[in-house]
file query.pdb (PDB, C-alpha atoms)
ATOM      1  CA  MET A  56     114.849   9.212 101.241
ATOM      2  CA  HIS A  57     112.563  12.074 102.249
ATOM      3  CA  TRP A  58     109.731  13.040  99.914
ATOM      4  CA  THR A  59     111.502  16.287  99.047
ATOM      5  CA  GLU A  60     114.318  14.238  97.529
ATOM      6  CA  TYR A  61     111.842  12.702  95.084
ATOM      7  CA  ALA A  62     110.955  16.112  93.634
ATOM      8  CA  ALA A  63     114.008  16.673  91.401
ATOM      9  CA  PRO A  64     113.851  13.401  89.410
ATOM     10  CA  LEU A  65     110.061  13.625  89.197
ATOM     11  CA  LEU A  66     110.297  17.170  87.821
ATOM     12  CA  GLN A  67     112.795  15.934  85.229
ATOM     13  CA  GLY A  68     110.284  13.284  84.212
ATOM     14  CA  ALA A  69     107.466  15.851  84.188
ATOM     15  CA  TRP A  70     109.482  17.992  81.759
ATOM     16  CA  VAL A  71     109.845  15.016  79.395
ATOM     17  CA  THR A  72     106.099  14.365  79.723
ATOM     18  CA  THR A  73     105.374  18.018  78.912
ATOM     19  CA  GLN A  74     107.519  17.907  75.768
ATOM     20  CA  LEU A  75     105.898  14.673  74.622
ATOM     21  CA  THR A  76     102.444  16.144  75.191
ATOM     22  CA  VAL A  77     103.163  19.361  73.292
ATOM     23  CA  TYR A  78     104.909  17.749  70.314
ATOM     24  CA  SER A  79     102.425  14.912  69.908
ATOM     25  CA  THR A  80      99.382  17.169  70.353
ATOM     26  CA  VAL A  81     100.642  19.536  67.643
ATOM     27  CA  LEU A  82     101.386  16.586  65.350
ATOM     28  CA  GLY A  83      97.982  15.103  66.124
ATOM     29  CA  ALA A  84      96.217  18.388  65.313
ATOM     30  CA  VAL A  85      97.941  18.588  61.918
ATOM     31  CA  LEU A  86      97.065  14.958  61.138
ATOM     32  CA  ALA A  87      93.499  15.465  62.362
ATOM     33  CA  PHE A  88      92.890  18.327  59.945
ATOM     34  CA  ALA A  89      94.583  16.512  57.067
ATOM     35  CA  ALA A  90      92.676  13.254  57.593
ATOM     36  CA  GLY A  91      89.375  14.907  58.561
ATOM     37  CA  ILE A  92      89.347  17.058  55.426
ATOM     38  CA  GLY A  93      90.719  14.161  53.371
ATOM     39  CA  LYS A  94      87.846  11.936  54.439
ATOM     40  CA  LEU A  95      85.423  14.459  52.926
ATOM     41  CA  SER A  96      87.441  14.840  49.735
ATOM     42  CA  GLY A  97      86.047  13.958  46.337
ATOM     43  CA  ASN A  98      89.425  12.441  45.440
ATOM     44  CA  TRP A  99      88.977   8.714  46.131
ATOM     45  CA  VAL A 100      92.714   8.130  46.689
ATOM     46  CA  LEU A 101      92.953  10.882  49.307
ATOM     47  CA  LYS A 102      89.707   9.750  50.885
ATOM     48  CA  GLY A 103      90.834   6.108  50.948
ATOM     49  CA  VAL A 104      94.160   6.948  52.590
ATOM     50  CA  SER A 105      92.411   9.116  55.184
ATOM     51  CA  VAL A 106      89.809   6.475  56.010
ATOM     52  CA  ALA A 107      92.470   3.757  56.262
ATOM     53  CA  TYR A 108      94.587   5.879  58.611
ATOM     54  CA  ILE A 109      91.638   6.767  60.834
ATOM     55  CA  GLU A 110      90.309   3.224  61.091
ATOM     56  CA  VAL A 111      93.703   1.583  61.692
ATOM     57  CA  PHE A 112      94.789   3.947  64.444
ATOM     58  CA  ARG A 113      91.368   4.124  66.109
ATOM     59  CA  GLY A 114      90.888   0.385  65.830
ATOM     60  CA  THR A 115      94.184  -0.738  67.371
ATOM     61  CA  SER A 116      95.748  -0.267  70.793
ATOM     62  CA  LEU A 117      98.008   2.732  71.383
ATOM     63  CA  LEU A 118     100.344   0.461  73.330
ATOM     64  CA  VAL A 119     100.643  -1.919  70.371
ATOM     65  CA  GLN A 120     101.226   1.040  68.028
ATOM     66  CA  LEU A 121     104.019   2.280  70.303
ATOM     67  CA  PHE A 122     105.638  -1.152  70.520
ATOM     68  CA  TRP A 123     105.355  -1.625  66.750
ATOM     69  CA  LEU A 124     107.106   1.659  66.014
ATOM     70  CA  TYR A 125     109.845   1.070  68.576
ATOM     71  CA  PHE A 126     110.440  -2.683  68.388
ATOM     72  CA  ALA A 127     108.869  -4.076  65.171
ATOM     73  CA  LEU A 128     109.641  -1.298  62.672
ATOM     74  CA  PRO A 129     113.450  -1.669  63.037
ATOM     75  CA  LEU A 130     113.148  -5.423  62.443
ATOM     76  CA  ALA A 131     111.000  -4.850  59.360
ATOM     77  CA  GLY A 132     113.538  -2.322  58.111
ATOM     78  CA  ALA A 133     116.460  -4.664  58.720
ATOM     79  CA  ALA A 134     114.713  -7.324  56.638
ATOM     80  CA  ILE A 135     114.877  -5.031  53.601
ATOM     81  CA  GLY A 136     118.259  -3.530  54.413
ATOM     82  CA  LEU A 137     117.096  -0.248  55.971
ATOM     83  CA  ASP A 138     117.901   1.213  59.365
ATOM     84  CA  LEU A 139     114.493   2.257  60.691
ATOM     85  CA  ARG A 140     115.414   2.448  64.367
ATOM     86  CA  LEU A 141     113.671   5.363  66.080
ATOM     87  CA  PRO A 142     114.889   7.211  69.176
ATOM     88  CA  PRO A 143     112.479   6.650  72.106
ATOM     89  CA  VAL A 144     111.303  10.278  72.051
ATOM     90  CA  LEU A 145     110.510  10.160  68.330
ATOM     91  CA  ALA A 146     108.725   6.809  68.664
ATOM     92  CA  GLY A 147     106.672   8.177  71.542
ATOM     93  CA  VAL A 148     105.728  11.390  69.743
ATOM     94  CA  LEU A 149     104.799   9.509  66.551
ATOM     95  CA  ALA A 150     102.684   6.910  68.345
ATOM     96  CA  LEU A 151     100.846   9.497  70.441
ATOM     97  CA  GLY A 152     100.434  11.945  67.547
ATOM     98  CA  LEU A 153      99.189   9.336  65.093
ATOM     99  CA  ASN A 154      96.729   8.011  67.667
ATOM    100  CA  ILE A 155      95.262  11.341  68.756
ATOM    101  CA  GLY A 156      95.219  12.497  65.121
ATOM    102  CA  ALA A 157      92.953   9.607  64.150
ATOM    103  CA  TYR A 158      90.439  10.491  66.863
ATOM    104  CA  GLY A 159      90.746  14.193  66.107
ATOM    105  CA  ALA A 160      90.051  13.562  62.413
ATOM    106  CA  GLU A 161      86.523  12.473  63.272
ATOM    107  CA  VAL A 162      86.073  15.653  65.315
ATOM    108  CA  VAL A 163      87.209  17.736  62.318
ATOM    109  CA  ARG A 164      84.957  15.824  59.917
ATOM    110  CA  GLY A 165      81.931  16.187  62.182
ATOM    111  CA  ALA A 166      82.466  19.921  62.747
ATOM    112  CA  ILE A 167      82.866  20.588  59.028
ATOM    113  CA  GLN A 168      79.730  18.639  58.172
ATOM    114  CA  ALA A 169      77.832  20.502  60.896
ATOM    115  CA  VAL A 170      78.253  23.823  59.082
ATOM    116  CA  HIS A 171      74.817  24.684  57.676
ATOM    117  CA  THR A 172      74.246  24.044  53.977
ATOM    118  CA  ASP A 173      73.078  27.650  53.578
ATOM    119  CA  GLN A 174      76.710  28.679  53.966
ATOM    120  CA  HIS A 175      77.739  26.487  51.025
ATOM    121  CA  GLU A 176      74.893  27.851  48.908
ATOM    122  CA  ALA A 177      75.905  31.425  49.721
ATOM    123  CA  ALA A 178      79.497  30.646  48.774
ATOM    124  CA  ARG A 179      78.394  29.220  45.419
ATOM    125  CA  ALA A 180      76.267  32.316  44.799
ATOM    126  CA  LEU A 181      79.415  34.395  45.309
ATOM    127  CA  ASN A 182      81.339  32.181  42.853
ATOM    128  CA  PHE A 183      83.659  30.822  45.521
ATOM    129  CA  SER A 184      85.699  27.788  44.505
ATOM    130  CA  PRO A 185      85.404  24.656  46.691
ATOM    131  CA  ARG A 186      88.835  25.481  48.190
ATOM    132  CA  GLN A 187      87.785  29.050  48.994
ATOM    133  CA  THR A 188      84.521  27.817  50.479
ATOM    134  CA  LEU A 189      86.385  25.397  52.738
ATOM    135  CA  TRP A 190      89.077  27.768  54.009
ATOM    136  CA  ASP A 191      87.195  31.088  54.005
ATOM    137  CA  ILE A 192      83.688  29.990  54.993
ATOM    138  CA  VAL A 193      83.584  26.517  56.526
ATOM    139  CA  ILE A 194      86.814  26.251  58.541
ATOM    140  CA  PRO A 195      86.368  29.577  60.422
ATOM    141  CA  GLN A 196      82.945  28.371  61.572
ATOM    142  CA  ALA A 197      83.960  24.780  62.277
ATOM    143  CA  VAL A 198      87.165  25.351  64.280
ATOM    144  CA  PRO A 199      85.521  26.888  67.389
ATOM    145  CA  GLU A 200      83.097  23.950  67.461
ATOM    146  CA  MET A 201      86.023  21.504  67.492
ATOM    147  CA  MET A 202      87.794  23.035  70.476
ATOM    148  CA  PRO A 203      85.922  21.396  73.392
ATOM    149  CA  SER A 204      86.545  17.959  71.885
ATOM    150  CA  PHE A 205      90.151  18.837  71.064
ATOM    151  CA  GLY A 206      90.621  19.950  74.665
ATOM    152  CA  ASN A 207      89.427  16.561  75.905
ATOM    153  CA  LEU A 208      91.723  14.782  73.450
ATOM    154  CA  ALA A 209      94.706  16.876  74.572
ATOM    155  CA  VAL A 210      94.135  15.932  78.222
ATOM    156  CA  GLN A 211      93.713  12.280  77.243
ATOM    157  CA  ASN A 212      96.948  12.525  75.282
ATOM    158  CA  LEU A 213      98.735  13.857  78.366
ATOM    159  CA  LYS A 214      97.596  10.831  80.358
ATOM    160  CA  ASP A 215      98.519   8.448  77.550
ATOM    161  CA  THR A 216     102.129   9.642  77.670
ATOM    162  CA  ALA A 217     102.591   7.336  80.668
ATOM    163  CA  LEU A 218     102.807   4.445  78.196
ATOM    164  CA  VAL A 219     106.175   5.653  76.883
ATOM    165  CA  SER A 220     107.737   4.523  80.159
ATOM    166  CA  LEU A 221     107.447   0.997  78.732
ATOM    167  CA  ILE A 222     110.091   1.808  76.099
ATOM    168  CA  SER A 223     112.445   3.166  78.794
ATOM    169  CA  LEU A 224     111.778   6.823  78.026
ATOM    170  CA  GLY A 225     112.410   8.873  81.167
ATOM    171  CA  ASP A 226     108.999  10.479  81.537
ATOM    172  CA  LEU A 227     107.188  11.125  84.816
ATOM    173  CA  THR A 228     105.914   7.553  85.171
ATOM    174  CA  PHE A 229     109.305   6.036  84.361
ATOM    175  CA  ARG A 230     111.065   8.223  86.936
ATOM    176  CA  ALA A 231     108.449   7.369  89.535
ATOM    177  CA  GLU A 232     108.922   3.640  88.948
ATOM    178  CA  GLN A 233     112.700   4.012  89.212
ATOM    179  CA  ILE A 234     112.393   5.753  92.592
ATOM    180  CA  ARG A 235     109.802   3.263  93.825
ATOM    181  CA  ASN A 236     112.038   0.314  92.952
ATOM    182  CA  PHE A 237     114.839   1.931  94.941
ATOM    183  CA  THR A 238     112.888   3.120  97.980
ATOM    184  CA  GLN A 239     109.745   0.915  98.018
ATOM    185  CA  ASP A 240     107.863   4.060  99.091
ATOM    186  CA  SER A 241     104.929   3.509  96.755
ATOM    187  CA  THR A 242     102.370   5.602  98.624
ATOM    188  CA  THR A 243     104.375   8.834  98.721
ATOM    189  CA  ILE A 244     105.750   8.540  95.201
ATOM    190  CA  TYR A 245     102.508   7.727  93.439
ATOM    191  CA  THR A 246     100.596  10.315  95.434
ATOM    192  CA  MET A 247     103.097  12.919  94.186
ATOM    193  CA  VAL A 248     102.762  11.582  90.628
ATOM    194  CA  LEU A 249      98.971  11.651  90.831
ATOM    195  CA  PHE A 250      98.931  15.314  91.862
ATOM    196  CA  THR A 251     101.577  16.185  89.269
ATOM    197  CA  TYR A 252      99.472  14.723  86.453
ATOM    198  CA  PHE A 253      96.407  16.473  87.854
ATOM    199  CA  GLY A 254      98.225  19.805  87.941
ATOM    200  CA  MET A 255      99.513  19.376  84.390
ATOM    201  CA  ALA A 256      96.031  18.428  83.168
ATOM    202  CA  LEU A 257      94.572  21.476  84.905
ATOM    203  CA  VAL A 258      97.078  23.805  83.240
ATOM    204  CA  LEU A 259      96.426  22.179  79.854
ATOM    205  CA  THR A 260      92.667  22.574  80.332
ATOM    206  CA  VAL A 261      93.073  26.275  81.146
ATOM    207  CA  ILE A 262      95.228  26.776  78.023
ATOM    208  CA  MET A 263      92.737  24.974  75.781
ATOM    209  CA  ARG A 264      89.808  26.968  77.179
ATOM    210  CA  ALA A 265      91.697  30.223  76.615
ATOM    211  CA  LEU A 266      92.367  29.128  73.036
ATOM    212  CA  GLU A 267      88.698  28.231  72.656
ATOM    213  CA  ARG A 268      87.652  31.734  73.780
ATOM    214  CA  TYR A 269      90.197  33.330  71.447
ATOM    215  CA  LEU A 270      88.909  31.342  68.470
ATOM    216  CA  ALA A 271      85.321  32.223  69.349
ATOM    217  CA  ARG A 272      86.264  35.917  69.204
ATOM    218  CA  TRP A 273      88.135  35.302  65.945
ATOM    219  CA  ARG A 274      85.043  33.665  64.478
ATOM    220  CA  ALA A 275      82.887  36.604  65.549
ATOM    221  CA  ALA A 276      85.368  39.027  63.987
ATOM    222  CA  LYS A 277      85.242  37.054  60.717
ATOM    223  CA  GLY A 278      81.502  37.675  60.747
TER     224      GLY A 278
END

call {"tool": "encode", "arguments": {"input": "query.pdb", "output": "structure tokens"}}
result
Amino acid sequence: MHWTEYAAPLLQGAWVTTQLTVYSTVLGAVLAFAAGIGKLSGNWVLKGVSVAYIEVFRGTSLLVQLFWLYFALPLAGAAIGLDLRLPPVLAGVLALGLNIGAYGAEVVRGAIQAVHTDQHEAARALNFSPRQTLWDIVIPQAVPEMMPSFGNLAVQNLKDTALVSLISLGDLTFRAEQIRNFTQDSTTIYTMVLFTYFGMALVLTVIMRALERYLARWRAAKG
């Protein structure tokens, strides 16, 4: 096979990788805000759940989390009479999203706590409720500060998608391994894969930096 014949299956795999990255990054961002804010909550139940989630998913391997969701969860469900089998795409998105969300939660917590106490005092002077203070004063100032770290996490998440090939999901890495097993042309195939991941990471970085600039302007407009 000529290298041009590798392009079509690799592009199919790259499309799967792109979908996994987008879905899991969005899920991770939602979980990051929920757990990051929850960790600062005065409600001990909400805080306990948030801390437990963050520590479990930061303290265990992403690969083990993926295998647990795909292989162990159905067995646990069968033991209690439930069908908890997950499609490979859903298992991959959940594992990646839960993992990046746990790391992102610490970014959210740190950015919120970095907002100067004068802002909280001004909000109290204006009779803002704690909820209003959080969403109208703190979050608009904290979000732009989170973006560089979120950008790094998004790129890391893109690279971590390669692990889903181990549950037979046809992403870029899985397609590359299929072609390599057939052709034994490791050098050409993995060079193409390397540059494909690099190109995808570059595009993702540009998107995140554009979002960062937009949010900085939004913060300035909020005053």

call {"tool": "closest_residue", "arguments": {"input": "query.pdb", "among": "A:Val258, A:Leu101, A:Gly147, A:Gly165", "to": "Trp123 of chain A", "atoms": "only C-alpha atoms"}}
result
A:Gly147

call {"tool": "residues_around", "arguments": {"input": "query.pdb", "residues": "Val77 of chain A", "least_positions_apart": "5", "cutoff": "10 Å", "atoms": "all atoms listed in the file", "output": "number ranges by chain"}}
result
A: 72, 82-83, 148, 152, 209, 212-213, 259

call {"tool": "closest_residue", "arguments": {"input": "query.pdb", "among": "A:Tyr252, A:Ser204, A:Leu151, A:Thr59", "to": "Leu227 of chain A", "atoms": "all atoms listed in the file"}}
result
A:Tyr252

call {"tool": "atom_distance", "arguments": {"input": "query.pdb", "atom1": "atom CA of Tyr158 of chain A", "atom2": "atom CA of Gly68 of chain A"}}
result
26.5 Å

call {"tool": "resolve_selection", "arguments": {"input": "query.pdb", "expression": "the PyMOL selection byres ((chain A and resi 128) around 12)", "output": "ChimeraX atom specification"}}
result
/A:119-127,129-135,137-142,146

call {"tool": "residues_around", "arguments": {"input": "query.pdb", "residues": "Val71 of chain A", "least_positions_apart": "5", "cutoff": "12 Å", "atoms": "all atoms listed in the file", "output": "list in words"}}
result
Pro64, Leu65, Leu66, Thr76, Val77, Tyr78, Pro143, Val144, Gly147, Val148, Leu213, Thr216, Ala217, Val219, Ser220, Leu224, Gly225, Asp226, Leu227, Thr228, Phe229 and Arg230 of chain A

call {"tool": "closest_residue", "arguments": {"input": "query.pdb", "among": "A:Leu117, A:Phe88, A:Ala178, A:Val106", "to": "Gly159 of chain A", "atoms": "all atoms listed in the file"}}
result
A:Phe88

call {"tool": "closest_residue", "arguments": {"input": "query.pdb", "among": "A:Val85, A:Leu145, A:Arg164, A:Leu221", "to": "Lys102 of chain A", "atoms": "only C-alpha atoms"}}
result
A:Arg164

call {"tool": "atom_distance", "arguments": {"input": "query.pdb", "atom1": "atom CA of Ile244 of chain A", "atom2": "atom CA of Asp215 of chain A"}}
result
19.1 Å

call {"tool": "resolve_selection", "arguments": {"input": "query.pdb", "expression": "the PyMOL selection byres ((chain A and resi 192) around 12)", "output": "VMD selection string"}}
result
chain A and resid 167 170 to 179 181 183 to 191 193 to 198 274 277 to 278

call {"tool": "resolve_selection", "arguments": {"input": "query.pdb", "expression": "the PyMOL selection byres ((chain A and resi 109) around 12)", "output": "VMD selection string"}}
result
chain A and resid 83 86 to 94 102 to 108 110 to 115 153 to 164

call {"tool": "residues_around", "arguments": {"input": "query.pdb", "residues": "segment 267-273 of chain A", "least_positions_apart": "6", "cutoff": "10 Å", "atoms": "only C-alpha atoms", "output": "number ranges by chain"}}
result
A: 195-196, 198-203, 205-206, 261

call {"tool": "atom_distance", "arguments": {"input": "query.pdb", "atom1": "atom CA of Ile234 of chain A", "atom2": "atom CA of Glu60 of chain A"}}
result
10.0 Å

call {"tool": "residues_near_point", "arguments": {"input": "query.pdb", "point": "(96.0, 19.6, 82.2)", "cutoff": "6 Å", "atoms": "all atoms listed in the file", "output": "PyMOL selection string"}}
result
chain A and resi 210+255-260

call {"tool": "axis_aligned_box", "arguments": {"input": "query.pdb", "around": "segment 244-258 of chain A", "padding_each_side": "8 Å", "output": "JSON"}}
result
{"center_x": 100.2, "center_y": 15.8, "center_z": 89.3, "size_x": 27.2, "size_y": 32.1, "size_z": 28.3}
